[in-house]
$ cat start32.cif   # mmCIF, C-alpha atoms
data_work
loop_
_atom_site.label_atom_id
_atom_site.label_comp_id
_atom_site.auth_asym_id
_atom_site.auth_seq_id
_atom_site.Cartn_x
_atom_site.Cartn_y
_atom_site.Cartn_z
CA MET A 107 40.15 -6.20 -17.09
CA ALA A 108 40.65 -2.91 -18.89
CA GLY A 109 41.89 -3.47 -22.42
CA ALA A 110 40.71 -7.08 -22.63
CA PRO A 111 39.48 -8.12 -26.09
CA CYS A 112 35.80 -7.57 -26.76
CA PRO A 113 34.00 -10.85 -27.66
CA SER A 114 31.40 -9.00 -29.73
CA GLY A 115 33.89 -7.43 -32.12
CA ARG A 116 32.45 -4.00 -31.30
CA ALA A 117 34.43 -0.85 -30.68
CA PRO A 118 33.58 1.37 -27.72
CA VAL A 119 31.46 4.36 -28.70
CA GLU A 120 32.25 7.73 -27.16
CA GLY A 121 29.40 8.71 -24.86
CA GLY A 122 31.16 11.56 -23.12
CA VAL A 123 31.33 14.12 -25.98
CA PRO A 124 30.22 17.31 -24.19
CA TRP A 125 27.73 18.56 -26.79
CA ARG A 126 26.16 15.12 -27.12
CA ARG A 127 25.80 14.72 -23.38
CA ARG A 128 24.29 18.19 -22.99
CA LEU A 129 21.82 17.52 -25.79
CA ALA A 130 20.91 14.15 -24.26
CA VAL A 131 20.35 15.77 -20.87
CA ALA A 132 18.17 18.51 -22.38
CA LEU A 133 16.04 16.14 -24.48
CA THR A 134 15.62 13.61 -21.69
CA ALA A 135 14.78 16.22 -19.06
CA ALA A 136 12.27 17.97 -21.33
CA SER A 137 10.55 14.70 -22.23
CA PHE A 138 10.37 13.47 -18.63
CA ALA A 139 9.17 16.81 -17.26
CA GLY A 140 6.56 17.19 -19.98
CA SER A 141 5.20 13.65 -19.78
CA SER A 142 5.13 13.74 -15.96
CA ALA A 143 3.37 17.10 -15.84
CA TRP A 144 0.82 15.87 -18.36
CA GLU A 145 0.21 12.70 -16.35
CA MET A 146 -0.28 14.58 -13.08
CA THR A 147 -2.68 17.20 -14.46
CA ARG A 148 -4.88 15.41 -16.98
CA LYS A 149 -8.40 14.14 -16.35
CA VAL A 150 -8.17 10.40 -16.25
CA HIS A 151 -9.66 7.16 -14.92
CA PRO A 152 -8.44 6.31 -11.37
CA PHE A 153 -6.09 3.70 -12.86
CA ALA A 154 -4.17 6.62 -14.50
CA ASP A 155 -3.04 4.56 -17.51
CA LEU A 156 -2.92 6.08 -20.99
CA SER A 157 -5.80 3.86 -22.14
CA ASN A 158 -8.00 5.28 -19.38
CA GLY A 159 -8.80 2.30 -17.20
CA PHE A 160 -7.61 -0.67 -19.26
CA PHE A 161 -4.14 -1.51 -17.91
CA THR A 162 -3.49 -2.48 -14.31
CA ASP A 163 0.12 -3.64 -14.06
CA HIS A 164 1.47 -0.61 -12.20
CA PHE A 165 -0.79 -0.83 -9.15
CA SER A 166 -0.68 -4.64 -9.23
CA HIS A 167 3.11 -4.50 -8.78
CA MET A 168 2.74 -1.99 -5.96
CA ASN A 169 0.22 -4.17 -4.19
CA ASP A 170 2.44 -7.21 -4.67
CA ALA A 171 5.10 -5.31 -2.75
CA ARG A 172 2.56 -4.54 0.00
CA HIS A 173 1.53 -8.18 0.17
CA PHE A 174 4.95 -9.82 -0.07
CA PRO A 175 5.74 -9.73 3.70
CA ARG A 176 2.59 -11.80 4.19
CA ALA A 177 2.82 -14.01 1.09
CA GLY A 178 6.54 -14.81 1.03
CA VAL A 179 7.47 -17.44 -1.56
CA ARG A 180 3.78 -18.12 -2.16
CA GLN A 181 4.02 -15.01 -4.35
CA TRP A 182 5.40 -17.31 -7.09
CA THR A 183 3.49 -20.51 -6.33
CA THR A 184 -0.04 -19.59 -5.25
CA PRO A 185 -2.57 -17.28 -6.95
CA LEU A 186 -3.86 -14.40 -4.86
CA ALA A 187 -7.43 -15.74 -5.14
CA ARG A 188 -6.30 -18.80 -3.15
CA MET A 189 -4.49 -16.74 -0.50
CA GLU A 190 -7.00 -14.00 0.41
CA PRO A 191 -10.81 -13.65 0.41
CA ARG A 192 -12.56 -11.27 -1.95
CA LEU A 193 -14.23 -8.20 -0.50
CA THR A 194 -17.78 -8.60 0.76
CA PRO A 195 -20.54 -6.38 -0.71
CA ALA A 196 -20.50 -4.28 2.48
CA GLU A 197 -16.72 -3.77 2.21
CA ARG A 198 -17.06 -2.77 -1.44
CA ALA A 199 -19.77 -0.26 -0.64
CA ALA A 200 -17.49 1.46 1.89
CA LEU A 201 -14.59 1.94 -0.54
CA PRO A 202 -13.51 5.38 -1.80
CA PRO A 203 -14.66 6.13 -5.37
CA ASP A 204 -11.11 5.91 -6.74
CA VAL A 205 -10.61 2.29 -5.60
CA VAL A 206 -12.10 0.62 -8.66
CA ASP A 207 -12.47 -3.09 -9.35
CA CYS A 208 -11.01 -4.74 -12.47
CA PRO A 209 -13.05 -6.82 -14.95
CA ASP A 210 -11.52 -10.00 -13.51
CA GLY A 211 -12.22 -8.96 -9.90
CA CYS A 212 -9.02 -7.62 -8.35
CA LEU A 213 -10.12 -6.47 -4.86
CA PHE A 214 -9.27 -8.65 -1.85
CA HIS A 215 -9.43 -8.37 1.92
CA VAL A 216 -6.21 -8.69 3.91
CA ASP A 217 -6.41 -8.89 7.70
CA GLY A 218 -4.87 -5.86 9.37
CA TRP A 219 -4.84 -3.66 6.27
CA PRO A 220 -6.64 -0.29 6.09
CA ALA A 221 -10.24 -0.92 5.05
CA GLN A 222 -10.02 1.92 2.52
CA LYS A 223 -6.94 0.38 0.86
CA PRO A 224 -7.60 -3.30 0.12
CA MET A 225 -5.35 -5.59 -1.89
CA GLN A 226 -5.80 -4.72 -5.58
CA GLN A 227 -4.15 -7.02 -8.11
CA SER A 228 -5.21 -8.04 -11.59
CA TRP A 229 -5.02 -11.64 -12.85
CA PRO A 230 -5.68 -12.96 -9.32
CA THR A 231 -6.21 -16.55 -10.47
CA LEU A 232 -2.62 -16.76 -11.76
CA THR A 233 0.68 -16.81 -9.91
CA ARG A 234 2.96 -13.78 -10.33
CA PHE A 235 5.59 -14.08 -13.05
CA TYR A 236 8.14 -11.50 -11.92
CA PRO A 237 11.53 -11.80 -10.17
CA PRO A 238 12.22 -10.17 -6.78
CA GLY A 239 13.57 -6.96 -8.30
CA ASP A 240 10.08 -5.75 -9.15
CA LEU A 241 9.24 -5.82 -5.44
CA LEU A 242 12.26 -3.62 -4.71
CA LEU A 243 11.34 -1.13 -7.43
CA PHE A 244 7.78 -0.71 -6.18
CA ALA A 245 8.41 -1.02 -2.43
CA PRO A 246 8.78 2.75 -1.80
CA MET A 247 5.44 3.49 -3.48
CA ALA A 248 3.86 0.58 -1.62
CA ALA A 249 5.00 2.06 1.71
CA LEU A 250 3.81 5.53 0.71
CA TYR A 251 0.36 4.20 -0.16
CA HIS A 252 0.02 1.85 2.79
CA PHE A 253 1.19 4.14 5.58
CA THR A 254 0.01 7.60 4.50
CA PRO A 255 -3.38 9.12 3.59
CA ILE A 256 -2.47 9.37 -0.12
CA ARG A 257 -5.36 8.39 -2.39
CA ALA A 258 -5.32 5.46 -4.83
CA ALA A 259 -5.83 7.73 -7.85
CA THR A 260 -2.86 9.88 -6.84
CA VAL A 261 -0.51 7.00 -6.18
CA ASN A 262 -1.51 5.44 -9.51
CA ARG A 263 -0.37 8.62 -11.27
CA LEU A 264 2.89 8.48 -9.33
CA LEU A 265 3.35 4.85 -10.34
CA VAL A 266 3.05 5.80 -14.01
CA ILE A 267 5.63 8.54 -13.43
CA LEU A 268 7.90 5.95 -11.79
CA CYS A 269 7.64 3.86 -14.96
CA LEU A 270 8.39 6.99 -17.00
CA ALA A 271 11.49 7.55 -14.86
CA PHE A 272 12.74 4.05 -15.75
CA ALA A 273 12.07 4.81 -19.41
CA HIS A 274 13.87 8.15 -19.39
CA ALA A 275 16.92 6.77 -17.60
CA ALA A 276 17.15 4.32 -20.50
CA ILE A 277 16.52 7.04 -23.08
CA PHE A 278 19.39 9.12 -21.72
CA ALA A 279 21.72 6.11 -21.96
CA ILE A 280 20.58 5.57 -25.55
CA LEU A 281 21.03 9.21 -26.60
CA VAL A 282 24.59 9.60 -25.29
CA ARG A 283 25.66 6.64 -27.46
CA VAL A 284 23.87 7.47 -30.72
CA ASP A 285 26.32 6.61 -33.51
CA GLY A 286 24.92 8.23 -36.66
CA PRO A 287 21.65 8.67 -38.59
CA LEU A 288 20.67 5.01 -38.33
CA GLY A 289 21.44 5.11 -34.63
CA ALA A 290 19.25 8.19 -34.27
CA LEU A 291 16.39 6.39 -36.03
CA CYS A 292 16.75 3.44 -33.67
CA ALA A 293 16.84 5.81 -30.70
CA LEU A 294 13.61 7.45 -31.89
CA LEU A 295 11.87 4.09 -32.30
CA GLY A 296 13.16 2.85 -28.96
CA ALA A 297 12.14 6.01 -27.11
CA SER A 298 8.65 5.84 -28.59
CA VAL A 299 8.17 2.26 -27.43
CA LEU A 300 9.51 2.99 -23.95
CA ILE A 301 7.41 6.11 -23.35
CA HIS A 302 4.24 4.57 -24.77
CA TRP A 303 4.18 1.48 -22.61
CA SER A 304 5.46 3.31 -19.54
CA LEU A 305 2.44 5.63 -19.85
CA GLU A 306 0.33 2.48 -19.71
CA GLY A 307 2.02 1.52 -16.42
CA PHE A 308 4.51 -1.15 -17.51
CA TYR A 309 7.87 -1.22 -15.77
CA ASP A 310 9.72 -3.26 -18.43
CA ALA A 311 11.85 -0.20 -19.28
CA SER A 312 13.72 -0.79 -16.01
CA ILE A 313 15.85 -3.50 -17.65
CA VAL A 314 16.95 -1.30 -20.56
CA LEU A 315 19.54 0.76 -18.66
CA PRO A 316 21.37 -2.20 -17.06
CA LEU A 317 21.37 -4.03 -20.39
CA LEU A 318 22.76 -1.00 -22.21
CA LEU A 319 25.43 -0.79 -19.51
CA CYS A 320 26.16 -4.49 -20.05
CA ASP A 321 26.70 -3.79 -23.75
CA ALA A 322 28.93 -0.79 -23.00
CA PHE A 323 31.01 -2.76 -20.51
CA LEU A 324 31.41 -5.60 -23.02
CA ALA A 325 32.63 -3.12 -25.62
CA ALA A 326 35.14 -1.78 -23.10
CA GLY A 327 36.33 -5.27 -22.13
CA LEU A 328 35.02 -5.04 -18.55
CA GLY A 329 33.73 -8.55 -17.97
CA ALA A 330 32.88 -8.31 -14.27
CA SER A 331 30.95 -5.07 -14.70
CA ALA A 332 29.09 -6.45 -17.73
CA PHE A 333 28.20 -9.62 -15.81
CA LEU A 334 26.81 -7.61 -12.88
CA ALA A 335 24.77 -5.37 -15.20
CA PHE A 336 23.21 -8.39 -16.92
CA ALA A 337 22.46 -10.01 -13.56
CA VAL A 338 20.74 -6.85 -12.29
CA ALA A 339 18.54 -6.86 -15.39
CA MET A 340 17.65 -10.49 -14.70
CA LEU A 341 16.74 -9.61 -11.12
CA LEU A 342 14.37 -6.91 -12.39
CA HIS A 343 12.52 -8.76 -15.15
CA PHE A 344 12.52 -12.27 -16.60
CA ARG A 345 12.49 -10.92 -20.17
CA ALA A 346 16.14 -10.02 -19.68
CA LEU A 347 16.49 -13.71 -20.64
CA TYR A 348 16.49 -12.40 -24.22
CA TYR A 349 20.08 -11.30 -23.51
CA VAL A 350 21.59 -14.55 -22.23
CA PRO A 351 24.29 -14.35 -24.97
CA TRP A 352 25.42 -11.01 -23.50
CA GLY A 353 25.53 -12.55 -20.03
CA LEU A 354 27.54 -15.51 -21.31
CA ALA A 355 29.95 -13.20 -23.14
CA ALA A 356 30.41 -11.21 -19.93
CA ALA A 357 31.04 -14.38 -17.90
CA LEU A 358 33.54 -15.60 -20.49
CA LEU A 359 35.35 -12.27 -20.47
CA ALA A 360 35.57 -12.32 -16.67
CA PHE A 361 36.72 -15.96 -16.69
CA ARG A 362 39.51 -15.24 -19.16
CA GLY A 363 40.85 -12.53 -16.87
CA ARG A 364 40.30 -14.44 -13.63
CA ALA A 365 43.99 -14.49 -12.76
CA SER A 366 44.16 -10.71 -12.59
CA LEU A 367 40.77 -10.00 -10.99
CA ARG A 368 41.00 -7.43 -8.23
CA ARG A 369 38.81 -7.22 -5.17
CA PRO A 370 36.17 -4.87 -6.72
CA GLU A 371 35.76 -7.19 -9.73
CA GLN A 372 35.41 -10.20 -7.43
CA VAL A 373 32.69 -8.40 -5.48
CA LYS A 374 30.86 -7.57 -8.72
CA ILE A 375 30.94 -11.20 -9.82
CA ALA A 376 29.69 -12.37 -6.42
CA ALA A 377 26.88 -9.79 -6.45
CA GLY A 378 25.96 -10.79 -9.98
CA ALA A 379 25.89 -14.46 -9.04
CA LEU A 380 23.56 -13.65 -6.12
CA CYS A 381 21.21 -11.69 -8.40
CA LEU A 382 21.14 -14.54 -10.91
CA ALA A 383 20.51 -17.10 -8.17
CA LEU A 384 17.52 -15.11 -6.87
CA SER A 385 16.14 -14.66 -10.37
CA ALA A 386 16.63 -18.31 -11.31
CA GLY A 387 15.13 -19.50 -8.04
CA THR A 388 11.96 -17.47 -8.41
CA LEU A 389 11.71 -18.44 -12.10
CA ALA A 390 11.78 -22.08 -11.04
CA LEU A 391 8.99 -21.41 -8.54
CA ALA A 392 6.91 -19.52 -11.11
CA LEU A 393 7.54 -21.91 -14.01
CA PRO A 394 4.54 -24.22 -13.44
CA GLY A 395 2.25 -21.19 -13.56
CA LEU A 396 3.98 -19.86 -16.66
CA LEU A 397 3.64 -23.20 -18.44
CA GLY A 398 -0.04 -23.26 -17.61
CA TYR A 399 -0.73 -19.74 -18.87
CA PRO A 400 -3.97 -20.08 -20.87
CA LEU A 401 -4.24 -16.84 -22.88
CA GLN A 402 -2.67 -14.73 -25.64
CA LEU A 403 -0.52 -17.45 -27.14
CA ASN A 404 2.60 -16.43 -29.01
CA PRO A 405 2.05 -16.94 -32.80
CA LEU A 406 5.54 -18.48 -33.02
CA PHE A 407 4.95 -20.93 -30.15
CA LEU A 408 5.71 -24.31 -31.70
CA ARG A 409 3.74 -26.55 -29.34
CA THR A 410 0.24 -25.37 -30.23
CA VAL A 411 -2.35 -25.81 -32.96
CA THR A 412 -2.65 -22.02 -33.24
CA LEU A 413 0.90 -21.73 -34.64
CA ASP A 414 1.04 -19.06 -37.35
CA ARG A 415 2.98 -20.95 -40.01
CA ALA A 416 3.30 -17.93 -42.28
CA ALA A 417 4.85 -15.88 -39.48
CA LEU A 418 7.13 -18.80 -38.60
CA LEU A 419 8.38 -19.09 -42.20
CA GLU A 420 8.91 -15.33 -42.43
CA GLY A 421 10.81 -15.41 -39.17
CA ALA A 422 12.96 -18.33 -40.32
CA ALA A 423 13.86 -16.49 -43.54
CA LEU A 424 14.71 -13.36 -41.57
CA LEU A 425 16.81 -15.40 -39.15
CA VAL A 426 18.88 -16.87 -41.99
CA ALA A 427 19.32 -13.50 -43.71
CA THR A 428 20.27 -11.53 -40.60
CA THR A 429 22.57 -14.25 -39.29
CA ALA A 430 24.38 -14.16 -42.63
CA VAL A 431 24.76 -10.38 -42.29
CA PHE A 432 26.09 -10.64 -38.76
CA VAL A 433 28.56 -13.37 -39.69
CA TRP A 434 29.69 -11.47 -42.79
CA GLU A 435 30.21 -8.30 -40.76
CA ARG A 436 32.06 -10.25 -38.04
CA SER A 437 29.56 -9.51 -35.29
CA PRO A 438 29.28 -12.89 -33.56
CA LEU A 439 27.42 -11.55 -30.52
CA ASP A 440 24.63 -10.23 -32.76
CA ALA A 441 24.51 -13.58 -34.56
CA GLY A 442 24.29 -15.40 -31.26
CA LEU A 443 21.60 -13.07 -29.95
CA VAL A 444 19.32 -13.41 -32.99
CA ALA A 445 19.66 -17.20 -32.87
CA TRP A 446 18.88 -17.18 -29.13
CA LEU A 447 15.83 -14.96 -29.71
CA ALA A 448 14.59 -17.42 -32.31
CA LEU A 449 14.88 -20.25 -29.79
CA VAL A 450 13.22 -18.30 -26.96
CA LEU A 451 10.36 -16.90 -29.04
CA THR A 452 9.39 -20.33 -30.38
CA GLN A 453 9.23 -21.74 -26.83
CA VAL A 454 7.61 -18.92 -24.81
CA ARG A 455 3.85 -19.28 -24.58
CA GLN A 456 2.53 -15.78 -23.96
CA ASN A 457 2.85 -12.68 -26.11
CA TYR A 458 1.75 -9.06 -25.68
CA SER A 459 2.40 -5.80 -27.50
CA TRP A 460 4.57 -4.30 -24.74
CA TYR A 461 7.06 -7.17 -25.09
CA SER A 462 8.73 -5.04 -27.78
CA MET A 463 10.21 -2.97 -24.93
CA ALA A 464 12.60 -5.83 -24.18
CA LEU A 465 14.08 -5.54 -27.68
CA VAL A 466 15.08 -1.89 -27.27
CA PRO A 467 18.55 -2.48 -25.72
CA TRP A 468 19.68 -4.54 -28.71
CA LEU A 469 18.05 -2.18 -31.20
CA CYS A 470 19.75 0.87 -29.69
CA ALA A 471 23.16 -0.54 -28.76
CA PRO A 472 25.89 1.05 -30.91
CA ALA A 473 26.85 -0.80 -34.09
CA ARG A 474 30.09 -0.24 -35.96
CA LYS A 475 28.69 -1.38 -39.32
CA PRO A 476 25.53 0.06 -40.95
CA ALA A 477 24.56 -3.41 -42.19
CA VAL A 478 24.46 -4.67 -38.61
CA ARG A 479 22.20 -1.78 -37.61
CA ILE A 480 19.87 -2.42 -40.57
CA ALA A 481 19.68 -6.15 -39.74
CA ARG A 482 18.76 -5.34 -36.14
CA LEU A 483 16.11 -2.93 -37.37
CA ALA A 484 14.63 -5.65 -39.59
CA VAL A 485 14.41 -8.09 -36.67
CA PHE A 486 12.93 -5.46 -34.37
CA ALA A 487 10.31 -4.46 -36.96
CA PHE A 488 9.33 -8.07 -37.62
CA LEU A 489 8.97 -8.97 -33.95
CA ALA A 490 7.23 -5.73 -32.96
CA VAL A 491 4.71 -5.70 -35.81
CA ARG A 492 4.31 -9.33 -36.90
CA VAL A 493 4.69 -11.10 -33.57
CA HIS A 494 3.95 -8.62 -30.77
CA ASP A 495 1.32 -6.65 -32.74
CA ASP A 496 2.86 -3.30 -31.78
CA SER A 497 2.94 -0.49 -34.33
CA LEU A 498 6.24 1.13 -35.29
CA TRP A 499 4.34 4.31 -36.02
CA PRO A 500 3.68 6.14 -32.70
CA ARG A 501 -0.10 5.97 -32.83
CA TRP A 502 -0.16 6.34 -29.05
CA ILE A 503 0.55 10.07 -29.46
CA ALA A 504 -3.03 10.48 -30.66
CA GLN A 505 -4.18 9.22 -27.24
CA VAL A 506 -2.07 11.89 -25.56
CA LEU A 507 -3.53 14.61 -27.74
CA LEU A 508 -7.15 13.60 -27.20
#
$ encode --input "start32.cif" --output "structure tokens"
Amino acid sequence: MAGAPCPSGRAPVEGGVPWRRRLAVALTAASFAGSSAWEMTRKVHPFADLSNGFFTDHFSHMNDARHFPRAGVRQWTTPLARMEPRLTPAERAALPPDVVDCPDGCLFHVDGWPAQKPMQQSWPTLTRFYPPGDLLLFAPMAALYHFTPIRAATVNRLLVILCLAFAHAAIFAILVRVDGPLGALCALLGASVLIHWSLEGFYDASIVLPLLLCDAFLAAGLGASAFLAFAVAMLLHFRALYYVPWGLAAALLAFRGRASLRRPEQVKIAAGALCLALSAGTLALALPGLLGYPLQLNPLFLRTVTLDRAALLEGAALLVATTAVFVWERSPLDAGLVAWLALVLTQVRQNYSWYSMALVPWLCAPARKPAVRIARLAVFAFLAVRVHDDSLWPRWIAQVLL
């Protein structure tokens, strides 16, 4: 597949320039070491999130991994509150001080589990909306917590550091492909978003690296590798659905070169198909729960009386303007992606500030034309600020300094 035409119209960007790679290594290592050391040494709520006891995703994912051997496919069809009993008052009284309940009641008894380490999962009245990859990512921490004497407060810090590791793997991939001042600005914005929400315990940064690899493989004309990278992202998080146009471009590239596919490329396509099948299967199981999600409705969601018409009109105008830029600059993959995002974000019910993490791969992917980069920045800014209610200015740094 080497040398096959790139469907996006992009040119490969050199990521192996020695000085750039050394600088990327130094910046990434310094950021990861500093943020990890700060997380492990600061005084903090047992949850260990940046907001000091507000966010619970990191330990919920870990406990999902602990519970999966017992729950099986019910993970995606049945809320935890219907699978396990809540702790009795006597069981609560015997808990260590760092095993803290959530406002919605997240502590449950599981037969055979250590009494000092009960099931702890937020949103227990809802099914889980994550593909199987999240269980794989958190399984090592789940085993460490379940089978050793490590305390909940300590493992929660380690879980935040795990999320920071996902973020910094992505940041390194972004830095080695920075393509000018605008690219550096996008890298700075993307890194801020990734570090902020990873410090809160969100693992969404895990999809950024495979999606950046997908983009790089597309630019190099490597369809099978791009397809596998997209499929891995889909296995890790459903919000990789934002990048379906990249996945389709990868599949088309592989299909065009099917006559000359070698054994390694065939294996990549088969592995990618398996990842997509697992992701699609669990999405189908979780879909009834997703469609019934009652809170935090997306302001662009068309099928609701709470639709923000002003935001919808602004988004429509931005869609027309940026699509025109992408078409003019002969970047059809960008045009397809912004149109796909418009479709997805008017149909998805829920919306939270950390959803801006899923936009980082597109924001930070190399762009040959400055106009394309500026158009991506405009879309990112609109969605982050107007739709996801996430500030472009890194206000979270004030929380670190407090």
$ closest_residue --input "start32.cif" --among "A:Pro124, A:Pro209, A:Gly329, A:Gly421" --to "Gly378 (chain A)" --atoms "all atoms listed in the file"
A:Gly329
$ residues_around --input "start32.cif" --residues "region 241-246 of chain A" --least-positions-apart "5" --cutoff "8 Å" --atoms "only C-alpha atoms" --output "PyMOL selection string"
chain A and resi 167-168+170-172+174
$ resolve_selection --input "start32.cif" --expression "the PyMOL selection byres ((chain A and resi 381) around 12)" --output "list in words"
Pro237, Pro238, Gly239, Phe333, Leu334, Ala335, Phe336, Ala337, Val338, Ala339, Met340, Leu341, Leu342, His343, Phe344, Lys374, Ile375, Ala376, Ala377, Gly378, Ala379, Leu380, Leu382, Ala383, Leu384, Ser385, Ala386, Gly387 and Thr388 of chain A
$ residues_around --input "start32.cif" --residues "region 469-481 of chain A" --least-positions-apart "4" --cutoff "10 Å" --atoms "all atoms listed in the file" --output "JSON, numbers by chain"
{"A": [115, 116, 117, 118, 119, 120, 277, 279, 280, 281, 283, 284, 285, 286, 287, 288, 289, 290, 291, 292, 293, 294, 295, 296, 297, 314, 317, 318, 319, 321, 322, 325, 424, 425, 427, 428, 429, 430, 431, 432, 433, 434, 435, 436, 437, 440, 441, 444, 464, 465, 485, 486, 487]}
$ atom_distance --input "start32.cif" --atom1 "CA of Arg362 (chain A)" --atom2 "CA of Leu443 (chain A)"
21.0 Å
$ resolve_selection --input "start32.cif" --expression "the PyMOL selection byres ((chain A and resi 134-144) around 10)" --output "NGL selection string"
:A and (128-133 or 145-149 or 263-264 or 266-268 or 270-271 or 273-279 or 281 or 297 or 301 or 305 or 506)
$ atom_distance --input "start32.cif" --atom1 "CA of Ala360 (chain A)" --atom2 "CA of Asp240 (chain A)"
27.4 Å
